[in-house]
Amino acid sequence: MSILGLSFPLTDPVLIFSVILFIILLAPVLLHRFKIPDLIGLIIAGAIIGPQGFDIMSRDSSIELFGKVGLLYIMFVAGLEIDLADLKKNYGKSVYFGLLTFIIPMLVGTFAGVYLLDFSYPTSVLLASMFASHTLMTYPIVSKYGVTKNRAVNISIGATVVTCLLALLVLAVVVGMSTGDMGNRFWMRLSTSTVVFVGLVVFLFPLFGRWFFKRYEDRIAQYIFVLALVFLASFLAKVAGLEDVIGAFLAGLALNRLIPNTSALMNRIEFVGNALFIPFFLIGVGMLVDYRVFTTGWDSLWVAIVMCVVATLAKYWAAWIAGKTLHYTRDERRLLFGLTNAQAAATLAAVMVGYQVILGTDEAGAPIRLLDDSVLNGTIVMILFTCTIASFITQKGAQNVALADMSEEELVDKDDVEDRILIPLSNSETVEELISLGITIKSPRCKATMMALSIIKSDSNDASAEKRSRHLLEKAEKTAAATDNMLHSLMRYDINVVNGIKNVAKEHKITDIVLGLRKESAISNTFLGELAEGVLAKCATTTLVYRPVQPLATVKRYIMLIPADAEKEVGFPYWLVRVWNLARNSGSKMLFYGNRAVLSILQEVKAKHNVNAEFVEFTDWDDFLIVSRDIHDDDALVVVMSRRNCPSYSRQMALIPTYMNKYFQANNCILVYPVQLGIGEDEMTSFRTLSMINHPEGQDLGSVLGRLFKKNK
């Protein structure tokens with residue numbers, strides 16, 4: 001076909017790519033007015049331009065390649081974004097729902113295949129395994145609405161692994177039985193290769209990744225490195241006899257702790273996937289749709305109807321039963337169903353494998369296939385039908401869950417001041433790490449303002465001072481922008497740096513300050529230097545003093561020392577929430593050292609708010625060797641300090657520089673100074689902001705902690 005001098009299907013790669021990009025841009029925009037999800041818009045666009053539609057372009061190797069990358073991207077990002085602490089806590093629920101959403105479709109599908117479609121038992125079982133498996137096609141929808149941490153989403157992702165593994169096992173068994181390739185050697189080969197594959201990915205990938213991220217800070221190199229590992233894991237899965245999507249998902253889990261949700265690398269991964277690869281995959285799925293199957297005869301139409309109805313109802317029953325027994329809300333049950341109803345990757349793999357298995361020939365010499373043409377055509381219709389239903393249901397559930405979360409936050413936040421984090425800058429080498437720490441300690445779900453400050457002494461005659469300040473602030477802005485965070489830059493002239501920080505903290509009602517510790521071979525006896533000590537003496541805010549040695553993303557655990565009576569300080573709940581955010585946003589584990597009183601409070605927090613933590617009773621700060629024996633190369637040390645004449649102050653705190661120089665020189669160190677009474681000239685101004693608004697009279701520590709953790713969940 002030729003129109004306006006162009007021959008169709010298109011063959012010019014530049015024009016093909018241009019058309020695809022315009023579809024990605026315009027299809028969602030045009031269909032939004034009809035409230036059609038982006039996912040369905042792209043699938044419909046693929047059907048229109050594909051070989052079964054207007055034949056504008058063919059589903060050639062380039063479309064298949066980018067589509068495969070998009071599918072692996074969906075599974076990889078799902079593994080990255082999953083909350084490992086929640087997954088560990090709810091793995092039983094994931095297995096429970098995974099078995100439900102596998103067994104029910106298997107039973108219903110086998111019955112339908114035998115009694116409604118008159119298929120043989122092997123064909124019916126293989127057909128049922130196609131109903132049982134599913135693809136996280138609608139995961140980008142929950143990601144868009146920011147509800148990926150919801151418990152229903154979490155167990156749906158875990159259930160996906162269960163169903164895919166079981167469905168692929170059924171596929172291997174049925175094909176093996178049909179071809180006569182079953183026996184002890186088959187099971188030995190499959191089990192051995194699976195164990196080796198899982199071991200390589202789960203144990204070696206994190207080690208290799210941590211080594212790479214600690215030595216190479218180039219953002220492009222890090223992104224290419226991650227992609228290389230994803231495709232290597234996918235290839236190893238194929239070699240092991242599994243589906244490549246399992247490899248991509250496992251790679252996401254293995255690299256989960258090394259790529260925090262708040263990091264610039266995570267932002268790049270999501271951006272490229274959502275902008276390019278995932279839309280390519282959806283358009284490619286649309287190109288498979290053949291509307292003409294409805295005109296080929298009643299057999300194909302009947303098979304398509306049965307497949308669509310059985311697949312949808314079986315997944316719905318599984319989601320409804322799981323949601324009811326787990327006491328989930330109606331919208332969470334919608335998420336369970338929407339995430340597990342869409343059929344694509346494993347279904348296509350199963351139907352193509354079954355279609356290629358030839359059992360013999362009929363009287364006319366035509367091949368008799370395990371899955372015939374009617375099933376192949378019905379599968380394409382089922383993919384479009386289930387993806388459409390799943391998209392609408394997931395979007396409805398995700399919208400309502402997001403709105404409910406926002407309503408909760410409004411109730412929590414109506415009496416709260418906005419978090420305001422100030423990051424004074426003076427050293428170009430530490431800018432990126434200080435900004436990363438500031439981003440990590442804030443909650444992504446709460447109102448927060450981050451400010452970078454550079455101060456120039458008013459009596460300075462150095463013409464290059466302003467230029468250096470602008471350079472520092474520009475670098476800070478770029479670092480924050482790479483993670484989609486807004487950073488306000490402030491350049492100020494003042495008589496000295498300490499006075500400048502104090503005045504800015506007062507003027508902007510700062511709640512937290514992040515200071516960078518001098519990078520020296522050893523910490524001096526003056527401990528923090530005049531700058532930090534001056535700020536601590538004059539600013540009544542939660543202050544974190546940070547000495548970076550390695551990137552935050554490569555830290556495995558935070559070893560935290562808490563002094564006696566820390567829970568009696570007015571600032572106790574506020575630094576605890578910051579530390580909780582630090583561990584949760586980075587995916588790291590907390591190991592708390594403290595006396596029995598403070599540990600009992602922390603254990604209650606862990607029980608109610610799922611903090612990934614362990615506790616060690618520790619009272620003798622003179623015996624620092626106990627801590628040094630427990631800390632490893634990739635651990636970070638966090639010490640809760642105190643100013644003099646405050647309840648939690650101890651004379652041993654003066655020895656911290658000696659301990660850090662002797663035992664922890666190769667580790668990241670964070671010194672946390674809480675809000676305390678009697679600090680600074682204007683302490684009452686700052687204290688009223690925190691105490692009278694956030695900690696009103698009559699509320700006990702438990703209620704304040706509960707409200708703050710609910711706000712920062």
# chains A, B, ... in the order shown; residues from 1 in each chain; ligands from 1
$ select_by_dssp --residues "stretch 450-631 of chain A" --states "helix (DSSP H, G or I)" --output "ChimeraX atom specification"
/A:465-481,497-507,529-538,552-554,566-568,572-586,596-609,625-630
$ residues_around --residues "stretch 159-168 of chain A" --least-positions-apart "2" --cutoff "8 Å" --atoms "only C-alpha atoms" --output "mmCIF file with N, CA and C atoms, in the first residue's frame"
data_model
loop_
_atom_site.group_PDB
_atom_site.id
_atom_site.type_symbol
_atom_site.label_atom_id
_atom_site.label_comp_id
_atom_site.auth_asym_id
_atom_site.auth_seq_id
_atom_site.Cartn_x
_atom_site.Cartn_y
_atom_site.Cartn_z
ATOM 1 N N SER A 94 1.490 -13.406 50.872
ATOM 2 C CA SER A 94 1.802 -13.457 49.442
ATOM 3 C C SER A 94 1.687 -14.878 48.911
ATOM 4 N N VAL A 95 2.214 -15.827 49.672
ATOM 5 C CA VAL A 95 2.125 -17.233 49.252
ATOM 6 C C VAL A 95 0.665 -17.686 49.254
ATOM 7 N N TYR A 96 -0.084 -17.275 50.275
ATOM 8 C CA TYR A 96 -1.505 -17.628 50.370
ATOM 9 C C TYR A 96 -2.278 -17.110 49.158
ATOM 10 N N PHE A 97 -2.111 -15.830 48.854
ATOM 11 C CA PHE A 97 -2.822 -15.269 47.701
ATOM 12 C C PHE A 97 -2.299 -15.858 46.400
ATOM 13 N N GLY A 98 -0.983 -16.106 46.315
ATOM 14 C CA GLY A 98 -0.417 -16.709 45.114
ATOM 15 C C GLY A 98 -0.999 -18.087 44.840
ATOM 16 N N LEU A 99 -1.158 -18.884 45.902
ATOM 17 C CA LEU A 99 -1.750 -20.216 45.726
ATOM 18 C C LEU A 99 -3.220 -20.116 45.335
ATOM 19 N N THR A 101 -4.716 -17.602 43.706
ATOM 20 C CA THR A 101 -4.857 -17.092 42.343
ATOM 21 C C THR A 101 -4.223 -18.023 41.314
ATOM 22 N N PHE A 102 -3.624 -19.114 41.781
ATOM 23 C CA PHE A 102 -3.142 -20.169 40.877
ATOM 24 C C PHE A 102 -4.105 -21.357 40.862
ATOM 25 N N SER A 129 -3.286 -23.323 32.972
ATOM 26 C CA SER A 129 -2.073 -22.660 33.470
ATOM 27 C C SER A 129 -1.922 -21.273 32.866
ATOM 28 N N MET A 130 -2.439 -21.076 31.664
ATOM 29 C CA MET A 130 -2.426 -19.744 31.058
ATOM 30 C C MET A 130 -3.346 -18.799 31.815
ATOM 31 N N ALA A 132 -4.018 -19.142 35.026
ATOM 32 C CA ALA A 132 -3.448 -18.985 36.369
ATOM 33 C C ALA A 132 -2.321 -17.963 36.403
ATOM 34 N N SER A 133 -1.520 -17.910 35.349
ATOM 35 C CA SER A 133 -0.413 -16.948 35.324
ATOM 36 C C SER A 133 -0.950 -15.555 35.041
ATOM 37 N N HIS A 134 -0.156 -14.563 35.324
ATOM 38 C CA HIS A 134 -0.529 -13.183 35.000
ATOM 39 C C HIS A 134 0.730 -12.342 34.901
ATOM 40 N N THR A 135 0.569 -11.151 34.349
ATOM 41 C CA THR A 135 1.678 -10.213 34.183
ATOM 42 C C THR A 135 1.306 -8.899 34.865
ATOM 43 N N LEU A 136 2.280 -8.268 35.495
ATOM 44 C CA LEU A 136 2.026 -7.000 36.192
ATOM 45 C C LEU A 136 1.896 -5.847 35.190
ATOM 46 N N ILE A 155 1.486 -7.790 48.398
ATOM 47 C CA ILE A 155 1.261 -9.235 48.321
ATOM 48 C C ILE A 155 0.915 -9.660 46.896
ATOM 49 N N SER A 156 0.408 -8.733 46.078
ATOM 50 C CA SER A 156 0.147 -9.069 44.668
ATOM 51 C C SER A 156 1.448 -9.320 43.930
ATOM 52 N N ILE A 157 2.468 -8.528 44.242
ATOM 53 C CA ILE A 157 3.772 -8.726 43.604
ATOM 54 C C ILE A 157 4.361 -10.066 44.033
ATOM 55 N N VAL A 170 4.002 -26.115 35.381
ATOM 56 C CA VAL A 170 2.946 -26.876 34.706
ATOM 57 C C VAL A 170 3.229 -26.961 33.211
ATOM 58 N N LEU A 171 3.650 -25.844 32.621
ATOM 59 C CA LEU A 171 3.985 -25.831 31.198
ATOM 60 C C LEU A 171 5.078 -26.847 30.884
ATOM 61 N N ALA A 172 6.134 -26.839 31.716
ATOM 62 C CA ALA A 172 7.244 -27.762 31.474
ATOM 63 C C ALA A 172 6.788 -29.220 31.614
ATOM 64 N N LEU A 242 13.708 -21.328 33.236
ATOM 65 C CA LEU A 242 12.619 -20.492 33.723
ATOM 66 C C LEU A 242 12.323 -19.400 32.707
ATOM 67 N N GLU A 243 11.329 -18.576 33.007
ATOM 68 C CA GLU A 243 10.989 -17.472 32.116
ATOM 69 C C GLU A 243 11.853 -16.271 32.459
ATOM 70 N N ILE A 246 11.106 -13.784 35.355
ATOM 71 C CA ILE A 246 11.489 -14.168 36.713
ATOM 72 C C ILE A 246 12.887 -13.640 37.016
ATOM 73 N N THR A 340 -3.603 -8.770 39.215
ATOM 74 C CA THR A 340 -3.400 -10.188 38.887
ATOM 75 C C THR A 340 -4.293 -10.697 37.760
ATOM 76 N N ALA A 346 3.661 -14.423 30.403
ATOM 77 C CA ALA A 346 3.669 -15.870 30.615
ATOM 78 C C ALA A 346 2.605 -16.554 29.765
ATOM 79 N N ALA A 350 3.346 -19.466 27.068
ATOM 80 C CA ALA A 350 2.717 -20.781 27.147
ATOM 81 C C ALA A 350 2.007 -21.144 25.849
#
$ residues_around --residues "A:Ser588" --least-positions-apart "4" --cutoff "10 Å" --atoms "only C-alpha atoms" --output "ChimeraX atom specification"
/A:84-85,257-258,260,552-558,580,582-584,612-613,635
